[in-house]
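Have a look at start.tsv below; it lists TSV, C-alpha atoms and all ligand atoms.
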chain	number	residue	atom	x	y	z
A	728	MET	CA	34.67	43.05	0.32
A	729	VAL	CA	30.98	43.79	0.34
A	730	ARG	CA	29.16	44.06	3.60
A	731	SER	CA	25.71	44.99	4.65
A	732	LYS	CA	24.50	47.75	6.89
A	733	LEU	CA	21.47	46.12	8.38
A	734	GLY	CA	18.03	47.67	7.92
A	735	ASN	CA	15.04	45.34	7.95
A	736	GLY	CA	17.20	42.31	7.11
A	737	GLU	CA	15.04	41.30	4.16
A	738	GLY	CA	17.88	41.47	1.66
A	739	VAL	CA	20.69	40.01	3.72
A	740	ARG	CA	21.40	36.32	4.13
A	741	PHE	CA	21.84	35.46	7.79
A	742	TRP	CA	24.71	32.98	7.44
A	743	LEU	CA	26.25	33.84	4.10
A	744	ASP	CA	26.56	37.62	3.94
A	745	VAL	CA	28.80	39.79	6.06
A	746	TRP	CA	26.59	41.92	8.29
A	747	MET	CA	27.79	41.38	11.84
A	748	GLY	CA	31.51	41.50	12.62
A	749	ASP	CA	34.12	40.97	9.95
A	750	CYS	CA	33.11	37.68	8.42
A	751	ALA	CA	30.07	35.65	7.50
A	752	LEU	CA	28.44	33.84	10.42
A	753	LYS	CA	28.87	30.48	8.70
A	754	ASP	CA	32.63	30.90	9.10
A	755	LYS	CA	32.45	32.22	12.59
A	756	TRP	CA	30.09	29.58	13.97
A	757	PRO	CA	30.28	26.56	11.66
A	758	ASN	CA	28.62	24.18	14.14
A	759	LEU	CA	25.47	26.27	14.23
A	760	PHE	CA	25.52	26.68	10.48
A	761	ARG	CA	25.73	22.94	10.10
A	762	LEU	CA	22.54	22.56	12.14
A	763	GLU	CA	20.70	25.23	10.18
A	764	ASN	CA	17.77	23.93	8.14
A	765	ASN	CA	17.74	26.68	5.58
A	766	LYS	CA	21.30	27.68	4.83
A	767	THR	CA	20.29	30.60	2.65
A	768	CYS	CA	17.80	32.09	5.13
A	769	LEU	CA	17.61	35.86	5.50
A	770	VAL	CA	18.37	37.91	8.58
A	771	SER	CA	14.65	38.75	8.71
A	772	ASP	CA	13.85	35.01	8.85
A	773	ARG	CA	15.97	34.54	11.94
A	774	LEU	CA	15.75	37.82	13.83
A	775	LYS	CA	12.59	39.41	15.16
A	776	VAL	CA	12.46	42.71	16.99
A	777	ASP	CA	10.57	42.61	20.26
A	778	ASN	CA	10.50	45.72	22.46
A	779	ASP	CA	13.56	47.10	20.72
A	780	ARG	CA	15.44	43.91	21.41
A	781	VAL	CA	16.47	41.53	18.71
A	782	GLN	CA	15.30	37.95	19.28
A	783	LEU	CA	16.73	34.95	17.51
A	784	GLU	CA	14.37	32.41	16.01
A	785	ALA	CA	16.61	29.45	15.35
A	786	GLY	CA	15.96	27.04	12.51
A	787	TRP	CA	17.95	24.01	13.52
A	788	SER	CA	17.49	20.60	11.99
A	789	ASN	CA	18.82	18.99	15.16
A	790	LEU	CA	19.28	20.03	18.73
A	791	LEU	CA	22.51	21.55	19.95
A	792	HIS	CA	24.62	18.67	21.02
A	793	SER	CA	28.25	19.21	21.93
A	794	GLU	CA	29.87	21.64	24.30
A	795	GLU	CA	31.22	23.48	21.26
A	796	ASP	CA	27.70	23.87	19.87
A	797	PHE	CA	26.63	25.53	23.10
A	798	GLN	CA	29.70	27.75	23.18
A	799	GLN	CA	29.00	28.92	19.66
A	800	TRP	CA	25.35	29.46	20.52
A	801	ASN	CA	26.34	31.63	23.51
A	802	GLN	CA	28.75	33.66	21.41
A	803	LEU	CA	26.08	34.23	18.79
A	804	CYS	CA	23.57	35.39	21.41
A	805	VAL	CA	26.12	37.79	22.91
A	806	GLY	CA	26.93	39.11	19.43
A	807	LEU	CA	23.26	39.71	18.70
A	808	GLU	CA	22.85	41.93	21.74
A	809	ASN	CA	24.45	44.78	19.83
A	810	VAL	CA	22.50	44.29	16.63
A	811	LYS	CA	20.08	47.01	15.65
A	812	MET	CA	17.43	46.57	13.02
A	813	SER	CA	15.18	49.15	11.46
A	814	THR	CA	12.31	49.33	9.03
A	815	THR	CA	14.43	50.74	6.20
A	816	GLU	CA	15.99	48.66	3.46
A	817	ASP	CA	19.37	47.08	4.02
A	818	LYS	CA	22.34	48.92	2.54
A	819	TRP	CA	25.49	47.50	1.03
A	820	MET	CA	28.95	48.88	1.50
A	821	TRP	CA	31.94	48.20	-0.63
A	822	SER	CA	35.24	48.04	1.20
A	823	GLY	CA	37.34	48.39	-1.96
A	824	GLU	CA	37.21	52.19	-1.72
A	825	LYS	CA	37.63	54.50	1.23
A	826	ASN	CA	34.30	56.22	0.61
A	827	LYS	CA	32.58	52.77	0.45
A	828	ASN	CA	31.13	53.59	-2.93
A	829	PHE	CA	31.22	50.83	-5.46
A	830	SER	CA	32.98	51.54	-8.75
A	831	VAL	CA	34.27	49.47	-11.63
A	832	LYS	CA	37.63	51.13	-11.20
A	833	SER	CA	37.96	49.93	-7.64
A	834	VAL	CA	37.07	46.37	-8.67
A	835	ARG	CA	39.74	46.46	-11.33
A	836	LYS	CA	42.23	47.71	-8.83
A	837	LEU	CA	41.36	44.88	-6.46
A	838	LEU	CA	41.65	42.28	-9.18
A	839	ARG	CA	45.05	43.62	-10.18
A	840	ASN	CA	46.22	43.45	-6.59
A	841	GLY	CA	45.13	39.84	-6.43
A	842	ASP	CA	42.69	40.43	-3.57
A	843	ALA	CA	39.77	39.03	-5.44
A	844	TYR	CA	38.96	36.41	-8.00
A	845	GLY	CA	36.70	36.53	-10.98
A	846	ASN	CA	33.79	34.18	-11.42
A	847	VAL	CA	35.71	31.94	-13.74
A	848	PHE	CA	35.49	28.38	-12.60
A	849	VAL	CA	37.53	25.65	-14.20
A	850	LEU	CA	36.60	22.08	-13.40
A	851	LYS	CA	39.73	20.09	-12.75
A	852	TRP	CA	39.57	17.07	-15.01
A	853	ILE	CA	40.62	13.83	-13.41
A	854	SER	CA	41.44	10.66	-15.29
A	855	TRP	CA	40.36	7.93	-12.85
A	856	VAL	CA	36.76	9.15	-12.84
A	857	PRO	CA	34.69	8.22	-15.91
A	858	LEU	CA	33.82	10.96	-18.32
A	859	LYS	CA	30.06	10.60	-17.68
A	860	CYS	CA	30.61	11.64	-14.04
A	861	LEU	CA	32.72	14.63	-14.97
A	862	ILE	CA	30.15	15.74	-17.49
A	863	MET	CA	27.38	15.37	-14.95
A	864	ALA	CA	29.37	17.47	-12.43
A	865	TRP	CA	30.09	20.09	-15.04
A	866	ARG	CA	26.45	20.30	-16.06
A	867	ALA	CA	25.43	20.70	-12.46
A	868	VAL	CA	27.71	23.73	-12.26
A	869	VAL	CA	26.62	25.44	-15.45
A	870	GLU	CA	23.07	24.30	-16.04
A	871	LEU	CA	21.31	25.63	-13.04
A	872	VAL	CA	17.60	25.29	-12.87
A	873	LYS	CA	17.01	28.85	-13.88
A	874	ARG	CA	17.70	27.79	-17.42
A	875	GLY	CA	15.11	25.08	-17.06
A	876	VAL	CA	17.25	22.42	-18.68
A	877	TYR	CA	18.47	20.38	-15.86
A	878	ILE	CA	15.73	19.76	-13.39
A	879	PRO	CA	12.07	20.67	-13.84
A	880	ASN	CA	10.73	23.19	-11.43
A	881	THR	CA	9.10	20.93	-8.87
A	882	LEU	CA	9.57	19.95	-5.27
A	883	CYS	CA	12.46	17.76	-4.22
A	884	VAL	CA	11.64	14.04	-4.53
A	885	TRP	CA	13.31	13.36	-1.22
A	886	CYS	CA	12.13	16.00	1.22
A	887	ASP	CA	9.06	17.10	-0.76
A	888	TYR	CA	9.55	20.55	0.70
A	889	HIS	CA	12.19	22.55	-1.13
A	890	GLU	CA	12.29	23.42	-4.79
A	891	GLU	CA	14.34	20.85	-6.60
A	892	THR	CA	17.46	22.50	-7.93
A	893	SER	CA	20.75	20.80	-8.70
A	894	MET	CA	22.16	22.71	-5.75
A	895	HIS	CA	19.42	21.39	-3.51
A	896	VAL	CA	19.73	17.74	-4.57
A	897	LEU	CA	23.52	17.69	-4.55
A	898	ALA	CA	24.21	19.84	-1.52
A	899	ASP	CA	21.35	21.37	0.45
A	900	CYS	CA	18.81	18.60	0.88
A	901	ILE	CA	18.97	16.86	4.23
A	902	ILE	CA	19.79	13.63	2.40
A	903	ALA	CA	22.75	15.25	0.64
A	904	ILE	CA	23.94	16.90	3.86
A	905	ASN	CA	23.99	13.51	5.59
A	906	VAL	CA	25.77	11.85	2.70
A	907	TRP	CA	28.45	14.58	2.61
A	908	GLU	CA	28.91	14.32	6.33
A	909	ARG	CA	29.66	10.61	6.06
A	910	ILE	CA	31.85	11.02	3.00
A	911	GLY	CA	33.75	13.81	4.77
A	912	LYS	CA	34.42	11.56	7.75
A	913	TRP	CA	35.47	8.72	5.48
A	914	CYS	CA	38.02	10.96	3.77
A	915	GLY	CA	39.16	12.47	7.06
A	916	LEU	CA	38.01	15.92	5.98
A	917	GLU	CA	36.52	18.74	7.94
A	918	LEU	CA	32.88	19.54	7.42
A	919	ILE	CA	31.96	19.65	3.72
A	920	TYR	CA	29.45	22.30	2.79
A	921	ALA	CA	28.74	24.27	-0.31
A	922	PHE	CA	27.12	27.54	-1.27
A	923	GLU	CA	27.46	26.74	-4.91
A	924	ILE	CA	28.02	23.44	-6.68
A	925	LYS	CA	31.50	24.50	-7.62
A	926	ASP	CA	32.47	24.61	-3.94
A	927	LEU	CA	32.14	20.82	-3.89
A	928	LEU	CA	34.46	20.64	-6.85
A	929	GLN	CA	37.09	22.73	-5.09
A	930	VAL	CA	37.21	20.84	-1.81
A	931	TYR	CA	40.38	19.06	-2.95
A	932	LYS	CA	42.26	22.36	-3.00
A	933	LYS	CA	42.21	22.44	0.78
A	934	VAL	CA	43.62	18.92	1.15
A	935	SER	CA	47.20	18.87	2.31
A	936	GLY	CA	49.63	16.01	1.86
A	937	GLY	CA	50.37	15.68	-1.80
A	938	LYS	CA	48.99	15.56	-5.29
A	939	MET	CA	47.74	11.98	-5.11
A	940	LYS	CA	45.65	12.74	-2.04
A	941	ARG	CA	44.06	15.67	-3.79
A	942	LYS	CA	43.37	13.57	-6.88
A	943	ILE	CA	41.61	10.93	-4.85
A	944	VAL	CA	39.59	13.40	-2.80
A	945	HIS	CA	38.56	15.32	-5.91
A	946	GLY	CA	37.47	12.10	-7.60
A	947	VAL	CA	35.51	11.01	-4.54
A	948	MET	CA	33.68	14.35	-4.53
A	949	ILE	CA	32.65	13.83	-8.15
A	950	VAL	CA	31.63	10.23	-7.55
A	951	THR	CA	29.53	11.41	-4.58
A	952	MET	CA	27.74	13.95	-6.78
A	953	TRP	CA	27.22	11.22	-9.35
A	954	SER	CA	25.81	8.80	-6.76
A	955	LEU	CA	23.46	11.45	-5.35
A	956	TRP	CA	22.27	12.22	-8.83
A	957	LYS	CA	21.73	8.54	-9.63
A	958	ALA	CA	19.81	8.12	-6.37
A	959	ARG	CA	17.67	11.12	-7.22
A	960	ASN	CA	16.82	9.62	-10.60
A	961	ASP	CA	16.05	6.28	-9.01
A	962	SER	CA	13.61	8.01	-6.66
A	963	ALA	CA	12.12	10.23	-9.36
A	964	PHE	CA	11.71	7.63	-12.09
A	965	ASN	CA	11.59	4.28	-10.30
A	966	GLY	CA	9.93	5.38	-7.07
A	967	LYS	CA	12.83	4.01	-5.06
A	968	LYS	CA	13.05	5.21	-1.47
A	969	VAL	CA	16.42	6.84	-0.88
A	970	ALA	CA	18.70	5.49	1.84
A	971	ILE	CA	21.72	7.49	2.93
A	972	GLY	CA	23.68	4.29	3.59
A	973	ASP	CA	23.04	3.08	0.04
A	974	VAL	CA	24.31	6.32	-1.49
A	975	VAL	CA	27.44	6.19	0.66
A	976	SER	CA	28.01	2.51	-0.23
A	977	SER	CA	27.68	3.37	-3.89
A	978	VAL	CA	30.37	6.05	-3.50
A	979	ASN	CA	32.62	3.55	-1.67
A	980	SER	CA	32.29	0.84	-4.27
A	981	LEU	CA	32.23	2.90	-7.47
A	982	SER	CA	35.24	4.96	-6.47
A	983	TYR	CA	37.08	1.77	-5.48
A	984	LEU	CA	36.30	0.09	-8.76
A	985	TRP	CA	37.23	3.09	-10.87
A	986	LEU	CA	40.40	4.01	-9.03
A	987	LYS	CA	41.60	0.41	-9.10
A	988	ASN	CA	40.95	-0.04	-12.80
A	989	ARG	CA	41.66	3.40	-14.15
A	990	SER	CA	44.76	4.51	-12.27
A	991	LYS	CA	48.11	3.25	-11.06
A	992	CYS	CA	46.53	2.40	-7.71
A	993	ASN	CA	45.67	-1.11	-8.89
A	994	THR	CA	46.76	-2.84	-5.71
A	995	ILE	CA	44.36	-1.16	-3.33
A	996	GLY	CA	42.43	-3.49	-1.05
A	997	TRP	CA	38.69	-3.26	-0.48
A	998	LYS	CA	38.72	-3.56	3.30
A	999	ASP	CA	41.36	-0.87	3.76
A	1000	TRP	CA	39.63	1.29	1.21
A	1001	CYS	CA	36.40	1.13	3.19
A	1002	ARG	CA	38.30	2.32	6.23
A	1003	SER	CA	39.80	5.29	4.37
A	1004	PRO	CA	40.28	6.05	0.69
A	1005	LEU	CA	43.64	7.59	1.57
A	1006	TYR	CA	44.94	4.64	3.57
A	1007	MET	CA	47.77	3.85	1.17
A	1008	LEU	CA	49.21	7.39	1.15
B	1	ZN	ZN	15.18	17.88	-0.58
Using structure tokens, write down the structure that the file contains.
Amino acid sequence: MVRSKLGNGEGVRFWLDVWMGDCALKDKWPNLFRLENNKTCLVSDRLKVDNDRVQLEAGWSNLLHSEEDFQQWNQLCVGLENVKMSTTEDKWMWSGEKNKNFSVKSVRKLLRNGDAYGNVFVLKWISWVPLKCLIMAWRAVVELVKRGVYIPNTLCVWCDYHEETSMHVLADCIIAINVWERIGKWCGLELIYAFEIKDLLQVYKKVSGGKMKRKIVHGVMIVTMWSLWKARNDSAFNGKKVAIGDVVSSVNSLSYLWLKNRSKCNTIGWKDWCRSPLYML
């Protein structure tokens, strides 16, 4: 709906905003996005102009690995050949109106037509997960650091590099990324990534195969956030070194315990559960 006309790239996020082609680069080349160290980096962080040619300065956390990674890398490089940058500020265009000018009227029209959604987020309550976890997840959504309530403004206890926000601890930190990757595989889901905390709490919406599956996946997402948060507190207050395997094990066992005792799924078996939380469906 809103896209950028690139100037110096200092106001446009490389992966998240629409500035090249019709969609954000994270959707076009998810493998590369997964490897990106700084998911909110700007175009000016990644592209440098050298002799009128745009050069990519990649910020990968790992090396390109699979054939698909390399294919995506090639496509990105080809795409960048046509990119022009300038020294002027980036401009934003609104596609809701023919003249590209933004107006409240055109937003209203879009909302009425159902092409867009408001910012209203409703956390789906789920009975097999304890209330304390739901409240923690809800607070993570609404009490962002800016309000200074949730997490003090310091560096992350795990990577000691990024500012510690709830978003960072629960989604962006390399520890969280690794945990989500393993939880995603365990649940048989595609790559889990989030641009906002609420994205983690909406993952279940994309799960096909019935209501029960969605309920379990949604609960597992919340338990994962809970376990990450507990691990963060253990590191911050007890000096405990975080281990990705321990966080994942905590998700496995807590979700097993809670689902078994707080839902109709009281016959689930531990070994099968460890293989897949959806094994019985
Ligand atoms: Zn970190």
Throw together the list of residues within 7 Å of ligand ZN 1 (chain B), counting all atoms listed in the file, and drop it here as a PyMOL selection string.
-> chain A and resi 883-889+891+895-896+900-902
Residues from last step as file, C-alpha atoms, as a short mmCIF file (atom, residue, chain, number, x, y, z; two decimals), in the coordinates of the input:
data_model
loop_
_atom_site.label_atom_id
_atom_site.label_comp_id
_atom_site.auth_asym_id
_atom_site.auth_seq_id
_atom_site.Cartn_x
_atom_site.Cartn_y
_atom_site.Cartn_z
CA CYS A 883 12.46 17.76 -4.22
CA VAL A 884 11.64 14.04 -4.53
CA TRP A 885 13.31 13.36 -1.22
CA CYS A 886 12.13 16.00 1.22
CA ASP A 887 9.06 17.10 -0.76
CA TYR A 888 9.55 20.55 0.70
CA HIS A 889 12.19 22.55 -1.13
CA GLU A 891 14.34 20.85 -6.60
CA HIS A 895 19.42 21.39 -3.51
CA VAL A 896 19.73 17.74 -4.57
CA CYS A 900 18.81 18.60 0.88
CA ILE A 901 18.97 16.86 4.23
CA ILE A 902 19.79 13.63 2.40
#
Pick from A:Leu762, A:Ile862, A:Lys818, A:Val781: nearest to Val745 of chain A, with only C-alpha atoms counted?
-> A:Lys818
Contact residues around Lys967 of chain A with all atoms listed in the file at 12 Å, ignoring same-chain residues under 5 positions, as a VMD selection string | chain A and resid 884 to 885 957 to 962 973
Near segment 848-850 of chain A, counting all atoms listed in the file, which residues have an atom at most 12 Å away, once you skip same-chain residues fewer than 2 positions from it, shown as number ranges by chain?
-> A: 844-846, 852-853, 861-869, 923-932, 945-946, 949
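Restricting the calculation to only C-alpha atoms, the smallest distance between Thr767 of chain A and any of A:Cys804, A:Leu955, A:Leu858, A:Leu743 is found for A:Leu743.
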Rank nothing, just name the residue among A:Trp1000, A:Leu984, A:Thr994, A:Lys851 nearest to Arg941 of chain A, using all atoms listed in the file.
->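 The answer is A:Lys851, which sits nearest to Arg941 of chain A.
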